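J.: Supplied in structure tokens, the structure appears directly below.
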Amino acid sequence: MFKSVKGTKDILPSESALWQYVEKIAREVFHRFNYKEIRTPIFEHTGLFSRSIGELTDIVGKEMYTFLDRSEESVTLKPEGTASVIRSYIQHNLTEEQPLVKVYYISPMFRQERPQAGRLRQFHQFGAEAIGASTPETDVEIIALIVEMYRSFSLNNFSVKINSVGCENCRPQYKTLLQNELRKISSQLSPESQNRIEKNPLRVLDSKNEKDRELTENVPLIYNYLCENCHQHFEKLKSILTHLTISYQIDGRLVRGLDYYTKTAFEITSNELGSQDALAGGGRYDLLVQELGGKPTPSVGFAAGIERLIMILEKKQDIQIPKTHPKLFIAAADDNSREYVFQKTMELRRKEISVEMDFLQRSLKAQMREANRQQAEYVLVIGIQERETQKGKIKNLSDGSEKEIDLTKIEI
RNA sequence: GUGGCCAUAGUUCAGUUGGUUAGAACGCCAGGUUGUGGCCCUGGAGGUCGUGGGUUCAAAUCCCAUUGGUCACCCCA
């Protein structure tokens, strides 16, 4: 028997209503903030990701689904959304149409990691990018959008963590400083952290290893070493957040795993999840557009994991997920009436009413049971008598009441 | 990629120190005066016990491997 590939999952009919609900709310919130949808292909030239995400990151180094197509070209299933969006932005010169482009996406992503709760190999994210604005207001809009989003899902137990990771002017100096400090304690750190001192020293700071945490307790944090520009940006960001009554925590150890981030970095975590507790993450990436061959274009964006959101929503009892049910079930009382039932069913469906009937030659009792299981609002039984008189009784399944109707003009 | 735990009907699980035809609940199907659902009652279908190998007279049960799941690390949304 064939099984789905490791780390992939079917969304079955019983679960799809929840997914549709999530996508619907997400779109509504994006539209409220005037972000427009962009749909990019699920695979790209491999170089796009190694260039944007960073050669040295784990995503590029060991997690991408990369393969040669039939013309020997290396392509990769997208491991994240931003690179594709920026590629498209540059390719189609969207900058010429308007100075600030605000787009969102809802899409599957692919990373070959060891599957775990809230982490699949094909997973889904929604996210947004505001391309072309350097103002801290834009960063705040993105954060406010995420907060609004989770409020719209009636989530309460999440927190917003922010940090600044500096820019090309101040980060290199801080990086050197940090590396020097870390080298002093290198031998006591975990192997992973030791490895990162040279590759990506900032990541040592958000190690989950307790001993690493203790050892780096007094290491200088970047927000004390920001250049004037980055400092001002961060101060303004915090002040606007406060004015908008969006609560946040500063986390000087918060670092993004992708290389392209500058200045603002943020993460939304939930205490209702396991160790994969990040619901959403993002930040500013002022250098990415030019890195990918476009004009210098300051931008900010975020991505959120849909599976993780759904894990939380599944635990909630109080949310109402709209499910689809037939409005009417037409049952045949005898075999000779089945054709007429099909005619009536189609007639009403053409009038845009959701109607179901029996296709399994079942008894009337079984048809009634089926109508009930399908949670149809009404049932109409048609037999010889109804066909002769063109009159029938339509039954309301929730209260059992019946109403006489004319079969030539059914209205419900 | 590393480590712990787990794998029995569609689902959630039981299965005593290895011992005859592997059970329950829910779900599914049919019936309960031949034209009316939900509740209740009766009956039925459904499993080569994840897969492969080994130990044994005998394996769902013990051993090994493998695959998948799960939790943590790593990484990240």
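Going by the structure tokens order, chains are called A, B, ..., each with residues numbered from 1, while ligands are numbered from 1 in the order shown.
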Once you count only C-alpha atoms (C1' of nucleotides), which residues of chain B turn out to be within 9 Å of chain A? Could you give them as a compact mmCIF listing (two decimals) with N, CA and C atoms (P, O5', C5', C4', C3', O3' and C1' of nucleotides), in the first residue's frame?

T.:
```
# COMPACT_ATOMS: atom_id res chain seq x y z
P G B 1 18.31 11.36 7.94
O5' G B 1 19.32 12.02 8.97
C5' G B 1 20.70 11.93 8.74
C4' G B 1 21.42 12.64 9.84
C3' G B 1 21.11 12.12 11.24
O3' G B 1 21.88 10.96 11.53
C1' G B 1 21.00 14.48 11.24
P G B 35 -44.23 1.38 3.17
O5' G B 35 -43.82 2.37 4.33
C5' G B 35 -42.51 2.84 4.50
C4' G B 35 -42.60 4.34 4.60
C3' G B 35 -43.61 4.81 5.62
O3' G B 35 -42.98 5.65 6.55
C1' G B 35 -43.86 5.93 3.54
P U B 36 -42.60 5.09 8.01
O5' U B 36 -41.46 6.09 8.49
C5' U B 36 -40.09 5.91 8.05
C4' U B 36 -39.34 7.18 8.36
C3' U B 36 -39.81 7.84 9.64
O3' U B 36 -38.70 8.33 10.36
C1' U B 36 -40.04 9.34 7.83
P G B 37 -38.01 7.28 11.43
O5' G B 37 -36.58 7.94 11.53
C5' G B 37 -35.54 7.53 10.64
C4' G B 37 -34.38 8.46 10.78
C3' G B 37 -33.97 8.73 12.22
O3' G B 37 -33.09 7.73 12.65
C1' G B 37 -34.10 10.76 11.02
P G B 38 -33.05 7.26 14.19
O5' G B 38 -32.25 8.46 14.86
C5' G B 38 -30.89 8.74 14.50
C4' G B 38 -30.47 9.99 15.25
C3' G B 38 -30.56 9.81 16.75
O3' G B 38 -29.35 10.19 17.39
C1' G B 38 -31.86 11.69 16.02
P G B 68 10.24 6.26 6.79
O5' G B 68 8.91 6.37 7.66
C5' G B 68 7.64 6.45 7.03
C4' G B 68 6.55 6.25 8.05
C3' G B 68 6.50 7.27 9.18
O3' G B 68 5.88 8.48 8.79
C1' G B 68 6.28 5.12 10.07
P U B 70 3.68 12.76 14.08
O5' U B 70 4.04 12.48 15.60
C5' U B 70 3.00 12.28 16.56
C4' U B 70 3.62 11.92 17.89
C3' U B 70 4.58 12.96 18.44
O3' U B 70 3.89 13.99 19.12
C1' U B 70 5.56 10.81 18.60
P C B 71 4.42 15.45 19.07
O5' C B 71 5.59 15.44 20.15
C5' C B 71 5.28 15.36 21.53
C4' C B 71 6.54 15.08 22.32
C3' C B 71 7.70 16.05 22.10
O3' C B 71 7.54 17.26 22.80
C1' C B 71 8.50 13.83 22.09
P A B 72 8.20 18.57 22.23
O5' A B 72 9.76 18.34 22.49
C5' A B 72 10.29 18.48 23.80
C4' A B 72 11.72 17.99 23.85
C3' A B 72 12.74 18.70 22.98
O3' A B 72 13.14 19.95 23.49
C1' A B 72 13.09 16.39 22.84
P C B 74 18.71 22.88 20.74
O5' C B 74 19.17 22.50 19.26
C5' C B 74 20.52 22.15 18.98
C4' C B 74 20.64 21.69 17.55
C3' C B 74 20.14 22.67 16.50
O3' C B 74 21.10 23.66 16.20
C1' C B 74 19.26 20.54 16.04
P C B 75 20.68 25.19 16.24
O5' C B 75 19.63 25.33 15.05
C5' C B 75 20.06 25.17 13.70
C4' C B 75 18.87 24.92 12.83
C3' C B 75 17.86 26.06 12.71
O3' C B 75 18.30 27.03 11.77
C1' C B 75 16.71 24.03 13.05
P C B 76 17.74 28.50 11.86
O5' C B 76 16.16 28.32 11.78
C5' C B 76 15.46 28.65 10.60
C4' C B 76 14.04 28.14 10.67
C3' C B 76 13.01 29.17 11.13
O3' C B 76 12.57 29.96 10.04
C1' C B 76 12.68 27.14 12.30
P A B 77 11.89 31.36 10.31
O5' A B 77 10.37 30.96 10.59
C5' A B 77 9.36 31.89 10.30
C4' A B 77 8.09 31.38 10.94
C3' A B 77 8.29 30.80 12.32
O3' A B 77 8.20 31.82 13.28
C1' A B 77 7.02 29.30 10.97
```

J.: Which residues come within 12 Å of G15 (chain B), counting only C-alpha atoms (C1' of nucleotides), excluding same-chain residues fewer than 2 positions away, as a list in words?

T.: U8, C13, A22, G23, A24, C49, A60 and U61 of chain B

J.: Kindly export the residues of the current selection with C-alpha atoms (C1' of nucleotides), as a CSV table (one decimal), in the first residue's frame.

T.:
```
chain,number,residue,atom,x,y,z
B,8,U,C1',-3.5,-4.4,17.5
B,13,C,C1',-7.9,1.5,23.1
B,22,A,C1',-7.4,-11.6,18.7
B,23,G,C1',-11.8,-8.4,22.1
B,24,A,C1',-14.5,-3.6,23.7
B,49,C,C1',-1.7,-7.5,15.4
B,60,A,C1',0.2,-9.6,19.0
B,61,U,C1',3.4,-10.9,23.3
```

J.: Calculate how many Å separate CA of Leu100 (chain A) from CA of Leu254 (chain A), rounding to one decimal.

T.: 27.5 Å

J.: What separation in Å, quoted to one decimal, exists between CA of Ser159 (chain A) and CA of Gly301 (chain A)?

T.: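 Computing the Euclidean distance for CA of Ser159 (chain A) and CA of Gly301 (chain A) yields 17.8 Å.
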
J.: I'd like the neighbourhood of region 147-155 of chain A as a VMD selection string, where a residue qualifies if any of its atoms comes within 9 Å (using only C-alpha atoms (C1' of nucleotides)), though same-chain residues fewer than 3 positions away should be ignored.

T.: chain A and resid 22 25 to 26 29 to 30 142 to 144 158 160 246 268 309 312 to 313 319

J.: Go ahead and save the picked residues with all heavy atoms, as a short mmCIF file (atom, residue, chain, number, x, y, z; two decimals), in the first residue's frame.

T.:
```cif
data_model
loop_
_atom_site.label_atom_id
_atom_site.label_comp_id
_atom_site.auth_asym_id
_atom_site.auth_seq_id
_atom_site.Cartn_x
_atom_site.Cartn_y
_atom_site.Cartn_z
N VAL A 22 -9.46 29.19 8.47
CA VAL A 22 -8.20 29.91 8.72
C VAL A 22 -7.83 30.78 7.51
O VAL A 22 -7.48 31.95 7.66
CB VAL A 22 -7.06 28.92 9.03
CG1 VAL A 22 -5.70 29.60 8.96
CG2 VAL A 22 -7.27 28.31 10.41
N ILE A 25 -10.27 33.89 7.26
CA ILE A 25 -9.98 34.95 8.23
C ILE A 25 -8.67 35.65 7.85
O ILE A 25 -8.58 36.89 7.88
CB ILE A 25 -9.84 34.37 9.65
CG1 ILE A 25 -11.14 33.69 10.08
CG2 ILE A 25 -9.43 35.46 10.65
CD1 ILE A 25 -12.22 34.59 10.54
N ALA A 26 -7.67 34.86 7.45
CA ALA A 26 -6.37 35.45 7.10
C ALA A 26 -6.55 36.44 5.95
O ALA A 26 -6.06 37.57 6.01
CB ALA A 26 -5.38 34.36 6.73
N VAL A 29 -8.20 39.69 7.08
CA VAL A 29 -7.33 40.59 7.82
C VAL A 29 -6.33 41.25 6.87
O VAL A 29 -6.09 42.46 6.95
CB VAL A 29 -6.63 39.86 8.98
CG1 VAL A 29 -5.65 40.79 9.68
CG2 VAL A 29 -7.66 39.34 9.98
N PHE A 30 -5.76 40.47 5.97
CA PHE A 30 -4.83 41.05 4.99
C PHE A 30 -5.52 42.16 4.20
O PHE A 30 -4.96 43.23 3.98
CB PHE A 30 -4.32 39.98 4.02
CG PHE A 30 -3.24 39.10 4.60
CD1 PHE A 30 -3.32 37.71 4.49
CD2 PHE A 30 -2.13 39.65 5.25
CE1 PHE A 30 -2.32 36.90 5.01
CE2 PHE A 30 -1.13 38.83 5.77
CZ PHE A 30 -1.23 37.45 5.66
N ILE A 142 3.28 45.81 10.12
CA ILE A 142 3.39 44.36 9.98
C ILE A 142 3.12 43.67 11.32
O ILE A 142 2.36 42.70 11.40
CB ILE A 142 4.79 43.98 9.44
CG1 ILE A 142 4.93 44.39 7.96
CG2 ILE A 142 5.06 42.50 9.63
CD1 ILE A 142 4.29 43.43 6.98
N ILE A 143 3.72 44.20 12.38
CA ILE A 143 3.50 43.59 13.70
C ILE A 143 2.04 43.72 14.11
O ILE A 143 1.42 42.77 14.60
CB ILE A 143 4.43 44.24 14.75
CG1 ILE A 143 5.89 43.91 14.41
CG2 ILE A 143 4.09 43.75 16.16
CD1 ILE A 143 6.92 44.66 15.25
N ALA A 144 1.47 44.90 13.86
CA ALA A 144 0.06 45.13 14.20
C ALA A 144 -0.84 44.18 13.41
O ALA A 144 -1.84 43.68 13.93
CB ALA A 144 -0.32 46.58 13.91
N PHE A 158 -0.44 34.62 23.41
CA PHE A 158 0.75 34.75 22.58
C PHE A 158 1.49 36.01 22.99
O PHE A 158 0.91 36.93 23.55
CB PHE A 158 0.38 34.80 21.09
CG PHE A 158 -0.42 35.99 20.67
CD1 PHE A 158 0.21 37.16 20.25
CD2 PHE A 158 -1.81 35.95 20.69
CE1 PHE A 158 -0.53 38.26 19.85
CE2 PHE A 158 -2.56 37.05 20.30
CZ PHE A 158 -1.92 38.21 19.88
N VAL A 160 4.64 38.96 21.85
CA VAL A 160 5.41 39.57 20.77
C VAL A 160 6.79 39.91 21.31
O VAL A 160 6.91 40.66 22.28
CB VAL A 160 4.72 40.87 20.29
CG1 VAL A 160 5.53 41.52 19.17
CG2 VAL A 160 3.30 40.59 19.84
N ILE A 246 0.13 48.14 21.67
CA ILE A 246 0.52 46.76 21.34
C ILE A 246 1.64 46.38 22.31
O ILE A 246 2.70 46.99 22.31
CB ILE A 246 1.02 46.67 19.89
CG1 ILE A 246 -0.13 46.99 18.92
CG2 ILE A 246 1.59 45.27 19.61
CD1 ILE A 246 0.30 47.14 17.49
N ILE A 268 6.58 35.89 17.23
CA ILE A 268 5.37 35.72 18.04
C ILE A 268 5.36 34.28 18.53
O ILE A 268 5.39 33.35 17.72
CB ILE A 268 4.08 36.03 17.23
CG1 ILE A 268 3.90 37.54 17.04
CG2 ILE A 268 2.84 35.53 17.98
CD1 ILE A 268 4.82 38.21 16.12
N LEU A 309 -0.88 27.23 14.09
CA LEU A 309 -2.11 27.95 14.43
C LEU A 309 -3.26 26.96 14.56
O LEU A 309 -4.05 27.01 15.51
CB LEU A 309 -2.40 28.99 13.35
CG LEU A 309 -3.73 29.71 13.41
CD1 LEU A 309 -3.90 30.46 14.72
CD2 LEU A 309 -3.88 30.67 12.23
N ILE A 312 -3.51 25.00 17.75
CA ILE A 312 -4.11 25.74 18.85
C ILE A 312 -5.62 25.82 18.67
O ILE A 312 -6.38 25.59 19.62
CB ILE A 312 -3.51 27.16 18.94
CG1 ILE A 312 -2.02 27.07 19.28
CG2 ILE A 312 -4.25 27.99 19.98
CD1 ILE A 312 -1.31 28.40 19.27
N LEU A 313 -6.06 26.11 17.45
CA LEU A 313 -7.49 26.25 17.21
C LEU A 313 -8.24 24.94 17.48
O LEU A 313 -9.37 24.95 17.95
CB LEU A 313 -7.76 26.71 15.77
CG LEU A 313 -7.25 28.11 15.41
CD1 LEU A 313 -7.56 28.43 13.96
CD2 LEU A 313 -7.87 29.17 16.33
N ILE A 319 -14.72 28.20 19.40
CA ILE A 319 -14.83 28.82 18.08
C ILE A 319 -15.82 28.06 17.20
O ILE A 319 -15.91 26.84 17.25
CB ILE A 319 -13.48 28.94 17.34
CG1 ILE A 319 -12.75 27.59 17.32
CG2 ILE A 319 -12.62 30.02 17.95
CD1 ILE A 319 -11.68 27.53 16.26
#
```

J.: From a DSSP calculation on the backbone, collect every residue of region 162-361 of chain A in strand (DSSP E) and output the set as a PyMOL selection string.

T.: chain A and resi 162-164+249-250+262-270+278-284+299-305+328-332+355-357

J.: Could you save the residues just selected, with C-alpha atoms, as an mmCIF file, in the first residue's frame?

T.:
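So the final result, stored in again09.cif, reads:
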```
data_model
loop_
_atom_site.group_PDB
_atom_site.id
_atom_site.type_symbol
_atom_site.label_atom_id
_atom_site.label_comp_id
_atom_site.auth_asym_id
_atom_site.auth_seq_id
_atom_site.Cartn_x
_atom_site.Cartn_y
_atom_site.Cartn_z
ATOM 1 C CA ILE A 162 11.222 42.261 19.315
ATOM 2 C CA ASN A 163 14.878 43.031 18.789
ATOM 3 C CA SER A 164 17.130 44.892 16.405
ATOM 4 C CA GLN A 249 8.931 42.293 25.083
ATOM 5 C CA ILE A 250 12.437 43.217 24.088
ATOM 6 C CA THR A 262 18.500 43.896 9.165
ATOM 7 C CA LYS A 263 17.324 46.162 11.972
ATOM 8 C CA THR A 264 13.965 44.935 13.276
ATOM 9 C CA ALA A 265 13.522 41.257 14.089
ATOM 10 C CA PHE A 266 10.439 39.914 15.802
ATOM 11 C CA GLU A 267 8.793 36.678 16.758
ATOM 12 C CA ILE A 268 5.369 35.724 18.036
ATOM 13 C CA THR A 269 5.359 32.750 20.381
ATOM 14 C CA SER A 270 2.559 30.834 22.038
ATOM 15 C CA ALA A 278 7.012 30.159 17.313
ATOM 16 C CA LEU A 279 3.740 31.060 15.656
ATOM 17 C CA ALA A 280 5.193 33.712 13.393
ATOM 18 C CA GLY A 281 8.449 35.476 12.772
ATOM 19 C CA GLY A 282 9.837 38.152 10.562
ATOM 20 C CA GLY A 283 11.629 41.410 10.345
ATOM 21 C CA ARG A 284 13.169 44.038 8.151
ATOM 22 C CA SER A 299 11.384 46.138 3.066
ATOM 23 C CA VAL A 300 9.809 44.330 5.967
ATOM 24 C CA GLY A 301 7.751 41.157 6.226
ATOM 25 C CA PHE A 302 6.667 38.145 8.236
ATOM 26 C CA ALA A 303 5.650 34.508 7.878
ATOM 27 C CA ALA A 304 3.350 32.462 10.092
ATOM 28 C CA GLY A 305 2.962 28.696 10.404
ATOM 29 C CA LEU A 328 -32.296 19.969 1.513
ATOM 30 C CA PHE A 329 -32.227 16.189 1.217
ATOM 31 C CA ILE A 330 -34.737 14.664 -1.171
ATOM 32 C CA ALA A 331 -35.592 11.073 -0.343
ATOM 33 C CA ALA A 332 -37.297 8.605 -2.690
ATOM 34 C CA VAL A 355 -29.311 19.620 -2.359
ATOM 35 C CA GLU A 356 -28.401 15.996 -1.699
ATOM 36 C CA MET A 357 -30.111 12.707 -2.524
#
```

J.: Please, which residues of region 61-292 of chain A, numbered as in this document, come out alpha helix (DSSP H) from DSSP, as JSON, numbers by chain?

T.: {"A": [82, 83, 84, 85, 86, 87, 88, 89, 90, 91, 136, 137, 138, 139, 140, 141, 142, 143, 144, 145, 146, 147, 148, 149, 150, 151, 152, 171, 172, 173, 174, 175, 176, 177, 178, 179, 180, 181, 182, 183, 184, 185, 191, 192, 193, 194, 195, 196, 197, 198, 199, 210, 211, 212, 213, 214, 215, 228, 229, 230, 231, 232, 233, 234, 235, 236, 237, 238, 239, 240, 241, 242, 243, 288, 289, 290, 291]}

J.: Report, in Å with one decimal, the straight-line distance from CA of Gln179 (chain A) to CA of Leu202 (chain A).

T.: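 Result for CA of Gln179 (chain A) versus CA of Leu202 (chain A): 8.8 Å, one decimal.
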